[in-house]
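The structure file upload.tsv is reproduced below (TSV, C-alpha atoms and all ligand atoms).
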chain	number	residue	atom	x	y	z
A	295	MET	CA	-64.39	-183.97	174.97
A	296	GLU	CA	-66.11	-187.10	176.15
A	297	GLY	CA	-68.94	-186.61	178.61
A	298	TYR	CA	-68.61	-182.86	178.79
A	299	SER	CA	-69.84	-179.85	176.88
A	300	GLY	CA	-70.93	-176.34	177.67
A	301	GLN	CA	-74.35	-177.21	176.31
A	302	ARG	CA	-74.76	-180.10	178.75
A	303	THR	CA	-73.72	-177.85	181.61
A	304	CYS	CA	-76.31	-175.27	180.62
A	305	LYS	CA	-79.08	-177.85	180.59
A	306	ARG	CA	-78.21	-179.11	184.07
A	307	ALA	CA	-77.15	-182.38	182.40
A	308	ILE	CA	-73.74	-182.67	184.05
A	309	PRO	CA	-74.23	-184.70	187.22
A	310	THR	CA	-73.04	-182.37	189.96
A	311	VAL	CA	-74.39	-183.32	193.37
A	312	CYS	CA	-77.03	-180.56	193.21
A	313	ASN	CA	-78.11	-181.49	189.68
A	314	LEU	CA	-78.48	-185.15	190.71
A	315	ARG	CA	-80.67	-184.11	193.65
A	316	TRP	CA	-82.63	-181.81	191.34
A	317	ARG	CA	-83.31	-184.92	189.24
A	318	ARG	CA	-84.31	-186.78	192.42
A	319	VAL	CA	-81.27	-189.04	192.31
A	320	LYS	CA	-79.87	-189.86	195.74
A	321	ALA	CA	-76.43	-188.24	195.94
A	322	ASP	CA	-74.33	-188.39	199.08
A	323	ALA	CA	-71.10	-187.28	197.42
A	324	CYS	CA	-69.57	-183.89	197.91
A	325	CYS	CA	-66.95	-181.82	196.11
A	326	PRO	CA	-63.88	-184.07	195.87
A	327	TYR	CA	-61.52	-181.14	196.32
A	328	CYS	CA	-62.89	-179.23	199.30
A	329	GLY	CA	-65.73	-181.39	200.69
A	330	TYR	CA	-68.44	-178.81	200.00
A	331	ARG	CA	-71.81	-180.60	200.12
A	332	GLU	CA	-73.86	-178.28	197.90
A	333	GLU	CA	-71.74	-178.85	194.83
A	334	ASP	CA	-73.44	-177.14	191.87
A	335	SER	CA	-72.20	-176.03	188.43
A	336	GLN	CA	-70.91	-172.73	189.78
A	337	HIS	CA	-68.91	-174.44	192.51
A	338	THR	CA	-67.63	-177.16	190.16
A	339	LEU	CA	-66.46	-174.79	187.44
A	340	LEU	CA	-65.67	-171.56	189.20
A	341	THR	CA	-65.81	-171.02	192.94
A	342	CYS	CA	-64.18	-174.15	194.42
A	343	SER	CA	-60.77	-173.23	195.86
A	344	PHE	CA	-59.07	-175.86	193.65
A	345	VAL	CA	-60.77	-174.54	190.51
A	346	ARG	CA	-59.94	-170.93	191.35
A	347	LEU	CA	-56.29	-171.95	191.38
A	348	VAL	CA	-56.69	-173.43	187.90
A	349	TRP	CA	-58.21	-170.19	186.59
A	350	ALA	CA	-55.52	-168.13	188.32
A	351	LEU	CA	-52.76	-170.17	186.64
A	352	SER	CA	-54.50	-170.08	183.26
A	353	ASP	CA	-53.75	-166.36	182.68
A	354	LEU	CA	-57.25	-165.89	181.30
A	355	PRO	CA	-58.67	-162.49	182.37
A	356	TRP	CA	-60.07	-163.12	185.84
A	357	HIS	CA	-62.57	-160.23	185.73
A	358	ILE	CA	-64.25	-161.98	182.77
A	359	ILE	CA	-64.14	-165.53	184.13
A	360	LEU	CA	-65.40	-164.44	187.56
A	361	PHE	CA	-68.65	-163.03	186.19
A	362	TRP	CA	-71.42	-165.53	187.09
A	363	SER	CA	-74.70	-163.65	187.01
A	364	SER	CA	-77.36	-166.36	187.28
A	365	ASP	CA	-76.59	-169.77	185.78
A	366	ALA	CA	-74.09	-171.75	183.69
A	367	GLU	CA	-75.75	-170.79	180.40
A	368	GLN	CA	-75.29	-167.08	181.12
A	369	TRP	CA	-71.70	-167.72	182.20
A	370	PHE	CA	-70.80	-169.51	178.96
A	371	ARG	CA	-72.54	-166.80	176.91
A	372	HIS	CA	-70.70	-164.07	178.78
A	373	CYS	CA	-67.30	-165.75	178.31
A	374	HIS	CA	-68.05	-166.46	174.66
A	375	ASP	CA	-68.88	-162.79	174.07
A	376	LYS	CA	-65.95	-161.35	176.02
A	377	LEU	CA	-63.08	-163.67	175.07
A	378	ASP	CA	-61.48	-163.91	171.64
A	379	LYS	CA	-61.91	-167.17	169.72
A	380	GLU	CA	-58.59	-168.66	170.79
A	381	SER	CA	-59.10	-167.81	174.47
A	382	TYR	CA	-62.64	-169.19	174.42
A	383	CYS	CA	-61.35	-172.49	172.99
A	384	TYR	CA	-58.77	-172.56	175.81
A	385	PHE	CA	-61.50	-171.71	178.33
A	386	LEU	CA	-63.70	-174.60	177.11
A	387	THR	CA	-60.75	-176.99	177.22
A	388	LEU	CA	-60.09	-176.01	180.83
A	389	CYS	CA	-63.77	-176.54	181.72
A	390	TRP	CA	-63.60	-180.00	180.17
A	391	LEU	CA	-60.39	-180.88	182.05
A	392	ILE	CA	-61.75	-179.52	185.35
A	393	TRP	CA	-64.87	-181.64	184.95
A	394	SER	CA	-62.91	-184.76	183.88
A	395	ASN	CA	-60.49	-184.34	186.78
A	396	ARG	CA	-63.40	-183.92	189.20
A	397	ASN	CA	-64.85	-187.25	187.98
A	398	THR	CA	-61.50	-189.05	188.13
A	399	SER	CA	-61.03	-187.75	191.67
A	400	ILE	CA	-64.38	-189.19	192.76
A	401	MET	CA	-64.27	-192.50	190.89
A	402	ASP	CA	-60.58	-193.41	190.84
A	403	LYS	CA	-59.32	-191.26	193.74
A	404	LEU	CA	-56.81	-189.74	191.34
A	405	SER	CA	-56.45	-186.02	190.99
A	406	THR	CA	-54.18	-183.91	188.84
A	407	SER	CA	-52.71	-180.70	190.25
A	408	PRO	CA	-53.93	-177.31	188.93
A	409	ASP	CA	-50.64	-176.51	187.16
A	410	ILE	CA	-50.70	-179.85	185.30
A	411	LEU	CA	-54.31	-179.26	184.24
A	412	VAL	CA	-53.35	-175.85	182.84
A	413	ALA	CA	-50.31	-177.32	181.05
A	414	LYS	CA	-52.50	-180.04	179.52
A	415	ALA	CA	-55.03	-177.47	178.31
A	416	ARG	CA	-52.28	-175.34	176.74
A	417	SER	CA	-50.72	-178.37	175.05
A	418	PHE	CA	-54.09	-179.59	173.79
A	419	CYS	CA	-54.99	-176.17	172.33
A	420	SER	CA	-51.60	-175.56	170.70
A	421	THR	CA	-51.55	-179.06	169.17
A	422	TYR	CA	-55.05	-178.51	167.82
A	423	GLN	CA	-54.14	-175.08	166.50
A	424	GLU	CA	-50.97	-176.29	164.79
A	425	ALA	CA	-52.81	-179.16	163.13
A	426	PHE	CA	-55.54	-176.77	162.03
A	427	GLU	CA	-53.14	-174.14	160.68
A	428	GLU	CA	-50.71	-176.49	158.93
A	429	GLY	CA	-53.35	-178.30	156.89
A	430	PRO	CA	-53.58	-181.98	156.03
A	431	ARG	CA	-50.45	-183.91	157.04
A	432	LEU	CA	-50.47	-186.05	153.90
A	433	ASP	CA	-50.01	-182.95	151.73
A	434	ARG	CA	-46.99	-181.82	153.76
A	435	GLU	CA	-45.39	-185.25	153.60
A	436	ALA	CA	-45.80	-185.43	149.84
A	437	GLN	CA	-43.85	-182.16	149.51
A	438	ASP	CA	-41.10	-182.83	152.09
A	439	ASN	CA	-40.48	-186.53	151.72
A	440	ARG	CA	-37.21	-186.51	149.74
A	441	TRP	CA	-33.99	-187.05	151.71
A	442	ILE	CA	-30.89	-185.47	150.14
A	443	PRO	CA	-27.58	-187.24	150.87
A	444	PRO	CA	-24.53	-185.23	152.06
A	445	LYS	CA	-21.31	-184.82	150.04
A	446	GLU	CA	-18.77	-187.63	150.17
A	447	GLY	CA	-16.84	-187.68	153.47
A	448	VAL	CA	-19.60	-185.78	155.31
A	449	ILE	CA	-22.04	-187.28	157.84
A	450	LYS	CA	-25.56	-185.87	157.81
A	451	VAL	CA	-27.61	-185.97	161.02
A	452	ASN	CA	-31.40	-185.71	160.89
A	453	PHE	CA	-33.48	-185.40	163.99
A	454	ASP	CA	-37.17	-185.23	164.90
A	455	GLY	CA	-39.29	-185.08	168.01
A	456	GLY	CA	-42.89	-185.24	169.07
A	457	VAL	CA	-45.15	-184.50	172.02
A	458	PHE	CA	-47.94	-186.95	172.86
A	459	PRO	CA	-50.30	-185.20	175.33
A	460	PRO	CA	-52.53	-188.26	176.08
A	461	MET	CA	-49.45	-190.21	177.23
A	462	GLU	CA	-47.74	-187.16	178.76
A	463	ALA	CA	-44.64	-188.20	176.83
A	464	THR	CA	-42.11	-186.48	174.62
A	465	GLU	CA	-39.87	-188.42	172.25
A	466	ALA	CA	-36.90	-187.35	170.20
A	467	GLY	CA	-34.68	-189.27	167.83
A	468	CYS	CA	-31.79	-188.68	165.48
A	469	ILE	CA	-30.03	-190.65	162.76
A	470	ALA	CA	-26.62	-190.09	161.16
A	471	ARG	CA	-26.01	-191.23	157.57
A	472	ASP	CA	-23.12	-191.01	155.14
A	473	SER	CA	-23.15	-189.93	151.49
A	474	ASN	CA	-24.48	-193.36	150.45
A	475	GLY	CA	-27.40	-193.11	152.87
A	476	VAL	CA	-25.91	-195.76	155.17
A	477	CYS	CA	-26.83	-195.33	158.83
A	478	VAL	CA	-23.66	-194.90	160.93
A	479	ALA	CA	-25.35	-194.01	164.26
A	480	TRP	CA	-28.78	-193.39	165.71
A	481	ARG	CA	-30.40	-192.55	169.04
A	482	GLN	CA	-33.96	-192.47	170.37
A	483	GLN	CA	-35.00	-191.04	173.72
A	484	ARG	CA	-38.30	-190.69	175.60
A	485	PHE	CA	-38.59	-187.93	178.22
A	501	ZN	ZN	-64.87	-177.70	196.07
Please lay out the structure from this file as structure tokens.
Ligand SMILES: [Zn+2]
Amino acid sequence: MEGYSGQRTCKRAIPTVCNLRWRRVKADACCPYCGYREEDSQHTLLTCSFVRLVWALSDLPWHIILFWSSDAEQWFRHCHDKLDKESYCYFLTLCWLIWSNRNTSIMDKLSTSPDILVAKARSFCSTYQEAFEEGPRLDREAQDNRWIPPKEGVIKVNFDGGVFPPMEATEAGCIARDSNGVCVAWRQQRF
């Protein structure tokens, strides 16, 4: 999560407009979503209208996320204590994507919609979880690597697919082989 962490947020290290002014850095920018000039951590991560849409679409319990008692550190502590481990990981991923999207909006004038941000966070977390649960890939490949040919006169079709979140791409492919392992047809498609 390049450039972002809950710890940096707690230490006023993420450069919101208010934090930059607090560090005596001249900052004329405002919130890229709504134009609010006093952009602080609470606005950036919670109260901005754009960000509230992200949280609403996330399906995380709103009564927990909404609780901002004093500062970012307390907010992260509160969410850490109230959410289960999986939800907290999802929560942190959303914070990271909200912050990254805010920076991209300012620097490159490119913004992703709330529903896409939520979909990216879900995809990121499920990919991470699957990789974590399934164990090292090399071990799986060593066990499953043997292709078994079909009986004579039968065509066997194997297919596979993958999702690549950084490229927002999904690919699928299939190959048909006869009993001698000779390829008789194949197809690859990117969605
Ligand atoms: Zn805003």
| request: Select the residues contacting ligand ZN 501 (chain A) at a distance of at most 7 Å, based on all atoms listed in the file, then format the selection as a list in words. | output: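 Checked against 7 Å with all atoms listed in the file; the hits are Cys325, Pro326, Tyr327, Cys328, Gly329, Tyr330, His337, Thr338, Cys342, Ser343 and Phe344 of chain A.
Each of A:Cys383, A:Ile358, A:Leu339, A:Met401 was compared to A:Cys419 using only C-alpha atoms, and A:Cys383 turns out to be the nearest.
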| task | Quick one: everything within 12 Å of A:Asp409, counting only C-alpha atoms, minus sequence neighbours fewer than 3 positions away in the same chain. Send it as a count of residues only. | result | 20
| Atomic distance atom CA of A:Ala366 - atom CA of A:Leu354, expressed in Å with one decimal |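 Value for the atom CA of A:Ala366-atom CA of A:Leu354 distance: 18.0 Å.
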| remark: A straight line from atom CA of A:Gln368 to atom CA of A:Pro408 spans 24.9 Å
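Among the candidate residues A:Val451, A:Ala425, A:Ile400, A:Cys373, the one lying nearest to A:Ile469 is A:Val451, with distances computed using only C-alpha atoms.
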| What does the distance from atom CA of A:Trp390 to atom CA of A:Ala466 come to in Å, to one decimal? | 29.4 Å
Return as lines of an AutoDock Vina configuration file the box centre and box size in Å, one decimal, for an axis-aligned box around all listed atoms of stretch 402-414 of chain A padded by 3 Å per side.
center_x = -55.4
center_y = -184.6
center_z = 186.6
size_x = 16.3
size_y = 23.6
size_z = 20.2
